[in-house]
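Let me begin by presenting the structure, written as structure tokens, before commenting on it.
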Amino acid sequence: MKFACETTGAKYNYTITDTDIKSDALNENGEVSLSAAYNISVYATADGYKASDKAEATLYWINANLDNGTNINQVRTRGVVAISGDTVFIDLGLKSEGFVDKAEFTDENGNITIKEGDKIKVYFASANRDELHFTTKLSGQNAGKDILESAYKNAIPVEGHVTKEIKGGYEVMVGTVCAFCPYSQMGYKQKKEPAEYVGEHLTFKIQEYKNDGRNIVVSNRAVLEEQAADELSKLEQKLTVGMTVTGTVKSIESYGAFIDVDGFQALLPISEISRIRVTNVADVLKVGQTITAKIIRTDWAHERMSLSTKELESDPWEGADKKFPAGTTLDGTISRVADFGLFVQLASGIDGLVHISRLNVERNTNLKKVYKPGDKLPVVVDKIDLAEHRISLSPVVSNEEEENAHEYLSKQNDDGETYNPFAALLKNRK
């Protein structure tokens, strides 16, 4: 571009007109597609004419993109260098930086979803003097057919207004152009009633562009899926197995609780809630409660994460072999009744097993009809396996019961039909 200045050293404001820009940057009306004109400041020098630094960078960027035939609406990936006020500044590799409106990265709760250093996809929107404005989506208000075709080819999101329901979906106005959005392409995971979308201004991607823009099919789902994928990718880098996280209980199920961790729904299985056996999740957790847990498994391909609060508790089995050596007699509490025996709690988080063969019951006895969780049961430690977290127990038989059993055995014929459980127990010990 050339500038004609009359006085050396003087500052002049010049306008770049259509004749200064390649013809392929002009729209169907012969106007510059990215802006009507660019006002810059130039200075006359002894050797020629020089623009101010920022204006020079602006001209350089515009010329570089127009002169090499690059479409001005092409999507570019740029790094965030600063976030200030209502503006996000991005690196262009030039003397000046581009900017994007911060509102484009603000969620429904007013929280900004990016940070310095993040890479974002943007396209060039406009230039005003020495400022380069980028955006993440095309404004429907300024979207003519040429812009929409470019958006289709470059997968640029566009803003649209859902005007009404029609057969198979919705009529969407993108600027002055009418498009069609199928029911299946509206919304993503949390779908609303079809009528609730009417009247909303949403972001879409153009899936089909045919017959010179007379047949346009758009998708809101594609935009939401891409956003979800980007968010999931960020979480995958941030949330790793072994780290401790803080979350909020969102819902409670019979098999565990779902915890919101940075917007991701993770599962806290009932078996990972505590080292003490939990039978009812609602007894220990409440919706809205804040908890701290450890990430024990991730499956990002299937969007799954498992947590454990049990892992953050101290191990009650540490030193259990010294606390409960073989021969120790304890007053235990039945914690669970199984077909093969009784689990007896000896201390918080430590249960031992009384096998059915050690109990004073007949064969095929339904233990659940004889014993109940919470019942007290004196036991003696037979054996402890610290590595496997197992303790074998036997019930304690009183001296009086033993004497009565011995007396009965001395009078009882082995072929008799009468059965005494205590006698059977003593007999088994012989």
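Lettering and numbering for the structure tokens are positional, with chains as A, B, ... in the shown order, residues counted from 1 in each chain, and ligands counted from 1 in the shown order.
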| task | Please identify all polymer residues within 9 Å of Lys145 (chain A), counting only C-alpha atoms, omitting same-chain residues fewer than 3 positions from it, and present them as a list in words. | result | Leu148, Glu149, Ser150, Val177, Asp212 and Gly213 of chain A
Print the selection's residues with N, CA and C atoms to a file, as a PDB file, in the first residue's frame.
ATOM      1  N   LEU A 148     -21.920 -17.014   5.387  1.00  0.00           N
ATOM      2  CA  LEU A 148     -22.432 -18.312   5.828  1.00  0.00           C
ATOM      3  C   LEU A 148     -21.748 -19.455   5.079  1.00  0.00           C
ATOM      4  N   GLU A 149     -21.477 -19.258   3.818  1.00  0.00           N
ATOM      5  CA  GLU A 149     -20.779 -20.296   3.057  1.00  0.00           C
ATOM      6  C   GLU A 149     -19.360 -20.483   3.599  1.00  0.00           C
ATOM      7  N   SER A 150     -18.735 -19.362   3.934  1.00  0.00           N
ATOM      8  CA  SER A 150     -17.396 -19.436   4.526  1.00  0.00           C
ATOM      9  C   SER A 150     -17.458 -20.126   5.881  1.00  0.00           C
ATOM     10  N   VAL A 177     -31.138 -15.036   6.733  1.00  0.00           N
ATOM     11  CA  VAL A 177     -31.219 -16.314   6.022  1.00  0.00           C
ATOM     12  C   VAL A 177     -31.927 -17.347   6.890  1.00  0.00           C
ATOM     13  N   ASP A 212     -26.920 -22.562  -3.277  1.00  0.00           N
ATOM     14  CA  ASP A 212     -26.547 -21.158  -3.071  1.00  0.00           C
ATOM     15  C   ASP A 212     -27.179 -20.579  -1.802  1.00  0.00           C
ATOM     16  N   GLY A 213     -27.224 -21.387  -0.760  1.00  0.00           N
ATOM     17  CA  GLY A 213     -27.720 -20.906   0.531  1.00  0.00           C
ATOM     18  C   GLY A 213     -29.224 -20.993   0.714  1.00  0.00           C
TER      19      GLY A 213
END
| message | I'd like the contact shell of region 250-257 of chain A - 8 Å cut-off, only C-alpha atoms, skipping same-chain residues fewer than 3 positions apart - returned as a PyMOL selection string. | response | chain A and resi 260+267-271+280-282+285-288
How would the residues just chosen look if you wrote them out with C-alpha atoms as a PDB file, in the first residue's frame?
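Writing the result to part_3.pdb gives the following:
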ATOM      1  CA  ASP A 260     -19.668 -32.889  41.130  1.00  0.00           C
ATOM      2  CA  LEU A 267     -19.065 -41.815  41.224  1.00  0.00           C
ATOM      3  CA  LEU A 268     -18.287 -42.521  44.862  1.00  0.00           C
ATOM      4  CA  PRO A 269     -19.193 -46.247  45.222  1.00  0.00           C
ATOM      5  CA  ILE A 270     -20.779 -47.337  48.482  1.00  0.00           C
ATOM      6  CA  SER A 271     -17.810 -49.660  49.094  1.00  0.00           C
ATOM      7  CA  ASN A 280     -27.317 -47.027  53.414  1.00  0.00           C
ATOM      8  CA  VAL A 281     -25.575 -44.160  51.606  1.00  0.00           C
ATOM      9  CA  ALA A 282     -28.136 -41.649  52.864  1.00  0.00           C
ATOM     10  CA  LEU A 285     -24.019 -38.447  52.915  1.00  0.00           C
ATOM     11  CA  LYS A 286     -26.484 -35.671  52.065  1.00  0.00           C
ATOM     12  CA  VAL A 287     -27.176 -33.895  48.768  1.00  0.00           C
ATOM     13  CA  GLY A 288     -25.289 -30.589  48.726  1.00  0.00           C
TER      14      GLY A 288
END
| task | Choose the residue, out of A:Arg304, A:Arg297, A:Lys119, A:His355, that has the smallest atom-to-atom separation from Lys234 (chain A); count only C-alpha atoms. | result |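 Distance minimum relative to Lys234 (chain A) lands on A:Lys119.
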| message | From a backbone DSSP assignment, name each residue in region 90-300 of chain A labelled strand (DSSP E), as a ChimeraX atom specification. | response | /A:90,98-101,119-128,131-135,158-166,169-174,177-182,201-210,215-219,244-253,256-261,264-269,290-299
| region 177-361 of chain A: residues DSSP assigns to helix (DSSP H, G or I), reported as number ranges by chain | A: 183-185, 194-197, 211-213, 220-238, 270-272, 281-283, 300-302, 310-312, 320-323, 356-358
| request: Mind checking which residues fall within 8 Å of Glu272 (chain A), counting only C-alpha atoms, ignoring those fewer than 2 positions away in the same chain, and posting them as a list in words? | output: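 Counting only C-alpha atoms, the residues come to Leu268, Pro269, Ile270, Ser274, Arg275, Leu307, Ser308, Thr309, Lys310 and Glu311 of chain A.
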| In terms of the shortest atom-to-atom distance over only C-alpha atoms, which of A:Val344, A:Ile114, A:Ile350, A:Met186 is closest to Leu393 (chain A)? |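 Under the stated criterion, the closest residue is A:Val344.
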For region 157-168 of chain A, work out the shell of residues within 9 Å, counting only C-alpha atoms and skipping chain neighbours fewer than 2 positions away, then give it as a short mmCIF file (atom, residue, chain, number, x, y, z; two decimals) with N, CA and C atoms, in the first residue's frame.
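Result saved to part17.cif:
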data_model
loop_
_atom_site.label_atom_id
_atom_site.label_comp_id
_atom_site.auth_asym_id
_atom_site.auth_seq_id
_atom_site.Cartn_x
_atom_site.Cartn_y
_atom_site.Cartn_z
N THR A 136 -15.25 -15.96 18.45
CA THR A 136 -15.34 -17.42 18.37
C THR A 136 -16.56 -17.86 17.57
N LYS A 137 -17.40 -16.91 17.17
CA LYS A 137 -18.60 -17.26 16.40
C LYS A 137 -19.04 -16.06 15.59
N LEU A 138 -19.74 -16.35 14.49
CA LEU A 138 -20.24 -15.30 13.63
C LEU A 138 -21.55 -14.74 14.16
N SER A 139 -21.66 -13.45 14.16
CA SER A 139 -22.91 -12.81 14.56
C SER A 139 -23.91 -12.95 13.43
N GLY A 140 -25.08 -13.44 13.75
CA GLY A 140 -26.11 -13.64 12.74
C GLY A 140 -26.52 -12.35 12.07
N GLN A 141 -26.41 -11.25 12.79
CA GLN A 141 -26.84 -9.96 12.26
C GLN A 141 -26.03 -9.57 11.02
N ALA A 143 -24.40 -11.80 9.01
CA ALA A 143 -24.13 -13.00 8.23
C ALA A 143 -24.91 -13.02 6.93
N LEU A 148 -21.92 -17.01 5.39
CA LEU A 148 -22.43 -18.31 5.83
C LEU A 148 -21.75 -19.45 5.08
N ALA A 151 -18.50 -19.82 6.66
CA ALA A 151 -18.67 -20.46 7.97
C ALA A 151 -18.86 -21.96 7.81
N TYR A 152 -19.59 -22.37 6.77
CA TYR A 152 -19.81 -23.79 6.51
C TYR A 152 -18.50 -24.49 6.15
N ALA A 155 -16.16 -24.47 9.27
CA ALA A 155 -16.74 -24.96 10.54
C ALA A 155 -16.79 -23.88 11.60
N TYR A 170 -36.89 -27.32 13.62
CA TYR A 170 -37.11 -25.91 13.90
C TYR A 170 -36.67 -25.04 12.71
N GLU A 171 -37.34 -23.91 12.59
CA GLU A 171 -36.88 -22.88 11.69
C GLU A 171 -35.96 -21.96 12.47
N VAL A 172 -34.76 -21.73 11.92
CA VAL A 172 -33.76 -20.90 12.58
C VAL A 172 -33.35 -19.78 11.64
N MET A 173 -33.43 -18.56 12.12
CA MET A 173 -33.00 -17.43 11.32
C MET A 173 -31.57 -17.07 11.69
N VAL A 174 -30.68 -17.14 10.70
CA VAL A 174 -29.30 -16.74 10.88
C VAL A 174 -29.13 -15.45 10.08
N GLY A 175 -29.22 -14.34 10.76
CA GLY A 175 -29.28 -13.06 10.06
C GLY A 175 -30.60 -12.98 9.32
N ALA A 179 -32.75 -21.12 8.05
CA ALA A 179 -32.10 -22.43 8.10
C ALA A 179 -33.01 -23.42 8.84
N PHE A 180 -32.66 -24.69 8.73
CA PHE A 180 -33.44 -25.75 9.37
C PHE A 180 -32.56 -26.51 10.35
N CYS A 181 -33.09 -26.74 11.56
CA CYS A 181 -32.40 -27.53 12.58
C CYS A 181 -33.28 -28.71 12.97
N PRO A 182 -32.86 -29.96 12.68
CA PRO A 182 -33.65 -31.13 13.07
C PRO A 182 -33.77 -31.25 14.59
N TYR A 183 -34.82 -31.90 15.03
CA TYR A 183 -35.00 -32.10 16.48
C TYR A 183 -33.77 -32.77 17.09
N SER A 184 -33.21 -33.75 16.36
CA SER A 184 -32.07 -34.51 16.90
C SER A 184 -30.82 -33.66 17.07
N PRO A 194 -39.37 -29.66 23.43
CA PRO A 194 -39.16 -29.01 22.13
C PRO A 194 -39.62 -27.56 22.07
N ALA A 195 -40.79 -27.28 22.64
CA ALA A 195 -41.34 -25.93 22.55
C ALA A 195 -40.50 -24.91 23.32
N TYR A 197 -37.37 -24.39 23.20
CA TYR A 197 -36.28 -23.82 22.41
C TYR A 197 -36.73 -22.64 21.55
N VAL A 198 -38.02 -22.59 21.27
CA VAL A 198 -38.54 -21.53 20.40
C VAL A 198 -38.35 -20.17 21.08
N GLY A 199 -37.80 -19.23 20.32
CA GLY A 199 -37.56 -17.89 20.84
C GLY A 199 -36.15 -17.68 21.36
N GLU A 200 -35.38 -18.77 21.49
CA GLU A 200 -34.03 -18.65 22.03
C GLU A 200 -33.02 -18.27 20.96
N HIS A 201 -31.96 -17.56 21.38
CA HIS A 201 -30.82 -17.24 20.52
C HIS A 201 -29.70 -18.19 20.90
N LEU A 202 -29.33 -19.06 19.97
CA LEU A 202 -28.36 -20.12 20.25
C LEU A 202 -27.22 -20.09 19.22
N THR A 203 -26.21 -20.89 19.50
CA THR A 203 -25.08 -21.02 18.58
C THR A 203 -25.21 -22.33 17.82
N PHE A 204 -24.94 -22.27 16.52
CA PHE A 204 -25.09 -23.44 15.65
C PHE A 204 -23.85 -23.62 14.78
N LYS A 205 -23.72 -24.81 14.23
CA LYS A 205 -22.76 -25.07 13.16
C LYS A 205 -23.54 -25.48 11.92
N ILE A 206 -23.09 -24.98 10.78
CA ILE A 206 -23.78 -25.30 9.53
C ILE A 206 -23.33 -26.68 9.06
N VAL A 223 -22.22 -27.98 18.29
CA VAL A 223 -21.51 -26.97 19.07
C VAL A 223 -21.33 -27.45 20.51
#
| query | Pick the closest to Ala326 (chain A) from A:Ala301, A:Lys369, A:Ser392, A:Gly79: which is it, counting only C-alpha atoms? | reply |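 With only C-alpha atoms as the atom set, the closest residue is A:Ser392.
Taking CA of Asn220 (chain A) and CA of Gln207 (chain A) as the two end points, the separation is 10.0 Å.
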| request: Tell me, in Å to one decimal, how far CA of Ala320 (chain A) is from CA of Val337 (chain A). | output: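 Going from CA of Ala320 (chain A) over to CA of Val337 (chain A) covers 22.8 Å.
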| request: Would you mind listing what lies within 8 Å of Leu330 (chain A) as a list in words, with only C-alpha atoms counted and same-chain residues fewer than 2 positions away left out? | output: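 Close residues of Leu330 (chain A): Thr328, Gly332, Leu346, Pro378, Val379 and Val380 of chain A.
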